[in-house]
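Visitor: I have a structure here, written as structure tokens, and I will follow up with some questions on it.
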Amino acid sequence: MNFTFHRKRISGIFVVVPENERSFVEEMKNFNFPLARSLKLKEVMGFDKRRIVPPGACVSDLAVFGLQRLFEQGWLKQGDIDALLLVTQTPDHFMPATSSLIQGRLGLKQDMLCLDINQACAGFVIGLMQAFMLLEQESVRKVVLINADVLSRKASPKDRNIYPLIGDAASITILERDTQDSVIYSNLKADGSRAEALMIPAGGLRLPSTPETAVLEDVGDNNLRAKDHVFMDGSAIFNFVQTEVPPLIESLLAWAGISTDSVDYFLCHQPNRFMLQKLADKMKLSYAKMPNNIVEHFGNSGSVTIPTLIAFNLGERLLKETLHVCLVGFGGGLAWGAMLLDLGKLDFNAIVEYKENHEYA
Amino acid sequence: MKSVAEILNEIRPEFDFASSTDFVGDGMLDSFDLITLVSALDGNYGISILGTDIVPENFQNVQTIEALLRKNGAGL
């Protein structure tokens, strides 16, 4: 499905990562797996360092911490927020919405919209689309899009398929109307028939958490996982990305009437280095044009990886200049989407560390 | 340049690959081994095996791997 948006822009990106850094080399002993094979995997996949939250920390903690820093810096005024969108798959509670908890903890005005969106690795593109739609309303002048997940709390430390790549993080993206006559192109696809390729089986109402769902089971390849933990069919996800993402990008470029040469960067979700290199090879793009260095520094933080990629690689540059970029998200749902837009002259574009001694509500 | 058999032995030296015609089905290569193997084959033959070709059927034995390499432009 295609979408266009006119006179809208991103005006700032702020990423919050936990200060607690884990090292793949140190964690290899957790996996029932030969050391030499783990080291080969590290080299190919880019597993190295990642950030995870301290025990008990939730999505709202990261979000409140980041928003408070923005208020302190004077980069955002509390009263200017007309809508607060939160994209997460790891909410603080079933109910109420975590966006409402964030609003309450910060004492934001009542005359605003709070909305949680349950999306995974396509969640940055989907969140931007929702934000741009809201900005069509005259009463909405500024939207705060928060992408946040603490999936490390739902991953089995004995599951080599997913634990070494998980990172926790939150990003805060500010969206406004643009005074320039800018056009944003986007497209989005979904296939719920493949939803089980990436899921947490227990903990919802279909299969409530019980002592039985917390028991670690041998799930093959020397991995142990409980039904309370996140599951990923790595091969299915890999094939999904390699099959579906290139035509998605190609159709978006064709619709916008441009070629890959007109795009400065393809800023993709960051599952692992190998998958992104194969994607770049398939599209005949250089690795510099489709960067893949977030997993090795921060881990895969779901919908937060694209803003992390932007802040980490283009932090200072996007304060001064504007680039034409293609954002590409893909993952759980399954859902995949891409967006072409001018990104730059940002008010801020930075990464800050979440301190463990921050008080939780 | 190394042979396919040599690369397989480097990745899983504990197995006798000559004794099997279904490496994946016989549990000699798991999904992460396929990734390590593709990375090694890419580097060895100076190619990039298409991501959509990284499926178990193409890694059943040395013959299917060599066919995959030829399809992806390796001079064998």
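Chain lettering (A, B, ...) mirrors the order of the structure tokens, residue numbering begins at 1 for each chain separately, and ligand numbering begins at 1 in order of display.
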Can you pull out every residue within 10 Å of Val125 (chain A), counting only C-alpha atoms, but drop anything in the same chain fewer than 2 positions away, and send it as a PDB file with N, CA and C atoms, in the first residue's frame?

Guide:
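The file below, part.pdb, is the result:
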```
ATOM      1  N   CYS A 121       9.995  -4.691  14.115  1.00  0.00           N
ATOM      2  CA  CYS A 121      11.140  -4.069  13.441  1.00  0.00           C
ATOM      3  C   CYS A 121      10.748  -3.157  12.275  1.00  0.00           C
ATOM      4  N   ALA A 122       9.502  -3.221  11.837  1.00  0.00           N
ATOM      5  CA  ALA A 122       9.015  -2.243  10.848  1.00  0.00           C
ATOM      6  C   ALA A 122       8.417  -1.029  11.551  1.00  0.00           C
ATOM      7  N   GLY A 123       8.513  -1.002  12.858  1.00  0.00           N
ATOM      8  CA  GLY A 123       7.791  -0.010  13.665  1.00  0.00           C
ATOM      9  C   GLY A 123       8.255   1.414  13.545  1.00  0.00           C
ATOM     10  N   GLY A 127       5.452   3.919  12.561  1.00  0.00           N
ATOM     11  CA  GLY A 127       5.248   5.028  13.500  1.00  0.00           C
ATOM     12  C   GLY A 127       5.337   6.383  12.812  1.00  0.00           C
ATOM     13  N   LEU A 128       6.295   6.522  11.900  1.00  0.00           N
ATOM     14  CA  LEU A 128       6.410   7.781  11.150  1.00  0.00           C
ATOM     15  C   LEU A 128       5.148   8.029  10.320  1.00  0.00           C
ATOM     16  N   MET A 129       4.648   6.972   9.694  1.00  0.00           N
ATOM     17  CA  MET A 129       3.440   7.132   8.873  1.00  0.00           C
ATOM     18  C   MET A 129       2.268   7.595   9.733  1.00  0.00           C
ATOM     19  N   GLN A 130       2.113   6.997  10.901  1.00  0.00           N
ATOM     20  CA  GLN A 130       1.025   7.411  11.796  1.00  0.00           C
ATOM     21  C   GLN A 130       1.204   8.874  12.214  1.00  0.00           C
ATOM     22  N   ALA A 131       2.429   9.233  12.505  1.00  0.00           N
ATOM     23  CA  ALA A 131       2.706  10.605  12.942  1.00  0.00           C
ATOM     24  C   ALA A 131       2.398  11.603  11.824  1.00  0.00           C
ATOM     25  N   SER A 186       6.014   6.559   0.758  1.00  0.00           N
ATOM     26  CA  SER A 186       6.158   5.394   1.625  1.00  0.00           C
ATOM     27  C   SER A 186       5.308   4.247   1.114  1.00  0.00           C
ATOM     28  N   ASN A 187       5.745   3.045   1.389  1.00  0.00           N
ATOM     29  CA  ASN A 187       4.888   1.897   1.128  1.00  0.00           C
ATOM     30  C   ASN A 187       5.037   0.874   2.250  1.00  0.00           C
ATOM     31  N   LEU A 188       4.009   0.087   2.403  1.00  0.00           N
ATOM     32  CA  LEU A 188       3.935  -0.806   3.553  1.00  0.00           C
ATOM     33  C   LEU A 188       3.232  -2.094   3.145  1.00  0.00           C
ATOM     34  N   HIS A 269      16.570  -1.420   8.968  1.00  0.00           N
ATOM     35  CA  HIS A 269      16.561  -2.112  10.256  1.00  0.00           C
ATOM     36  C   HIS A 269      17.816  -2.977  10.335  1.00  0.00           C
ATOM     37  N   SER A 303      12.472  -1.856  16.575  1.00  0.00           N
ATOM     38  CA  SER A 303      12.160  -0.653  15.795  1.00  0.00           C
ATOM     39  C   SER A 303      13.064   0.526  16.128  1.00  0.00           C
ATOM     40  N   ILE A 306      16.758   1.782  13.425  1.00  0.00           N
ATOM     41  CA  ILE A 306      16.925   2.791  12.359  1.00  0.00           C
ATOM     42  C   ILE A 306      17.291   4.159  12.954  1.00  0.00           C
ATOM     43  N   LEU A 327      14.373   4.854   4.312  1.00  0.00           N
ATOM     44  CA  LEU A 327      14.285   4.079   5.550  1.00  0.00           C
ATOM     45  C   LEU A 327      13.573   2.765   5.236  1.00  0.00           C
ATOM     46  N   VAL A 328      14.097   1.667   5.762  1.00  0.00           N
ATOM     47  CA  VAL A 328      13.515   0.354   5.438  1.00  0.00           C
ATOM     48  C   VAL A 328      13.394  -0.483   6.717  1.00  0.00           C
ATOM     49  N   GLY A 329      12.165  -0.842   7.063  1.00  0.00           N
ATOM     50  CA  GLY A 329      11.938  -1.674   8.243  1.00  0.00           C
ATOM     51  C   GLY A 329      11.292  -2.995   7.852  1.00  0.00           C
ATOM     52  N   PHE A 330      11.616  -4.054   8.589  1.00  0.00           N
ATOM     53  CA  PHE A 330      11.043  -5.375   8.276  1.00  0.00           C
ATOM     54  C   PHE A 330      11.164  -6.263   9.495  1.00  0.00           C
ATOM     55  N   TRP A 336       6.563  -5.163   6.593  1.00  0.00           N
ATOM     56  CA  TRP A 336       7.723  -4.535   5.996  1.00  0.00           C
ATOM     57  C   TRP A 336       7.298  -3.256   5.291  1.00  0.00           C
ATOM     58  N   GLY A 337       8.147  -2.246   5.425  1.00  0.00           N
ATOM     59  CA  GLY A 337       7.786  -0.956   4.863  1.00  0.00           C
ATOM     60  C   GLY A 337       9.020  -0.125   4.587  1.00  0.00           C
ATOM     61  N   ALA A 338       8.878   0.828   3.667  1.00  0.00           N
ATOM     62  CA  ALA A 338       9.994   1.703   3.304  1.00  0.00           C
ATOM     63  C   ALA A 338       9.479   3.126   3.141  1.00  0.00           C
ATOM     64  N   MET A 339      10.366   4.078   3.276  1.00  0.00           N
ATOM     65  CA  MET A 339       9.982   5.487   3.199  1.00  0.00           C
ATOM     66  C   MET A 339      11.133   6.293   2.613  1.00  0.00           C
TER      67      MET A 339
END
```

Visitor: Which residues of chain A sit at most 8 Å from chain B, using only C-alpha atoms? Give each one's shortest atom pair and distance in Å (one decimal place), in chain and ascending residue order, as a tab-separated table.

Guide:
```
residue	atom	partner	partner_atom	distance
A:Arg37	CA	B:Ile11	CA	7.5
A:Lys40	CA	B:Thr36	CA	6.8
A:Leu41	CA	B:Thr36	CA	6.5
A:Val44	CA	B:Thr36	CA	6.6
A:Asp221	CA	B:Asp30	CA	7.1
A:Gly234	CA	B:Ser31	CA	7.9
A:Ser235	CA	B:Ser31	CA	6.8
A:Phe238	CA	B:Gly51	CA	7.9
A:Asn239	CA	B:Thr52	CA	6.0
A:Gln242	CA	B:Gly51	CA	5.6
A:Thr243	CA	B:Thr52	CA	6.2
A:Phe274	CA	B:Ile35	CA	7.9
A:Met275	CA	B:Gly51	CA	7.9
A:Lys278	CA	B:Gly51	CA	5.6
A:Leu279	CA	B:Gly51	CA	7.2
A:Asp281	CA	B:Ser48	CA	6.9
A:Lys282	CA	B:Leu50	CA	6.5
```

Visitor: Which of these, B:Asn9, B:Gln63, B:Asn58, B:Ser3, has the shortest distance to Met28 (chain B) once you count only C-alpha atoms?

Guide: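 For Met28 (chain B), the nearest of the given residues is B:Asn9.
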
Visitor: Under the rule that only C-alpha atoms are counted, which of A:Leu340, A:Val25, A:Met1, A:Met290 is the nearest residue to Ile258 (chain A)?

Guide: A:Leu340

Visitor: May I ask which of the residues B:Val62, B:Phe23, B:Gly43, B:Ala67 is the closest one to Glu6 (chain B), counting only C-alpha atoms?

Guide: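 Of B:Val62, B:Phe23, B:Gly43, B:Ala67, the one nearest Glu6 (chain B), counting only C-alpha atoms, is B:Val62.
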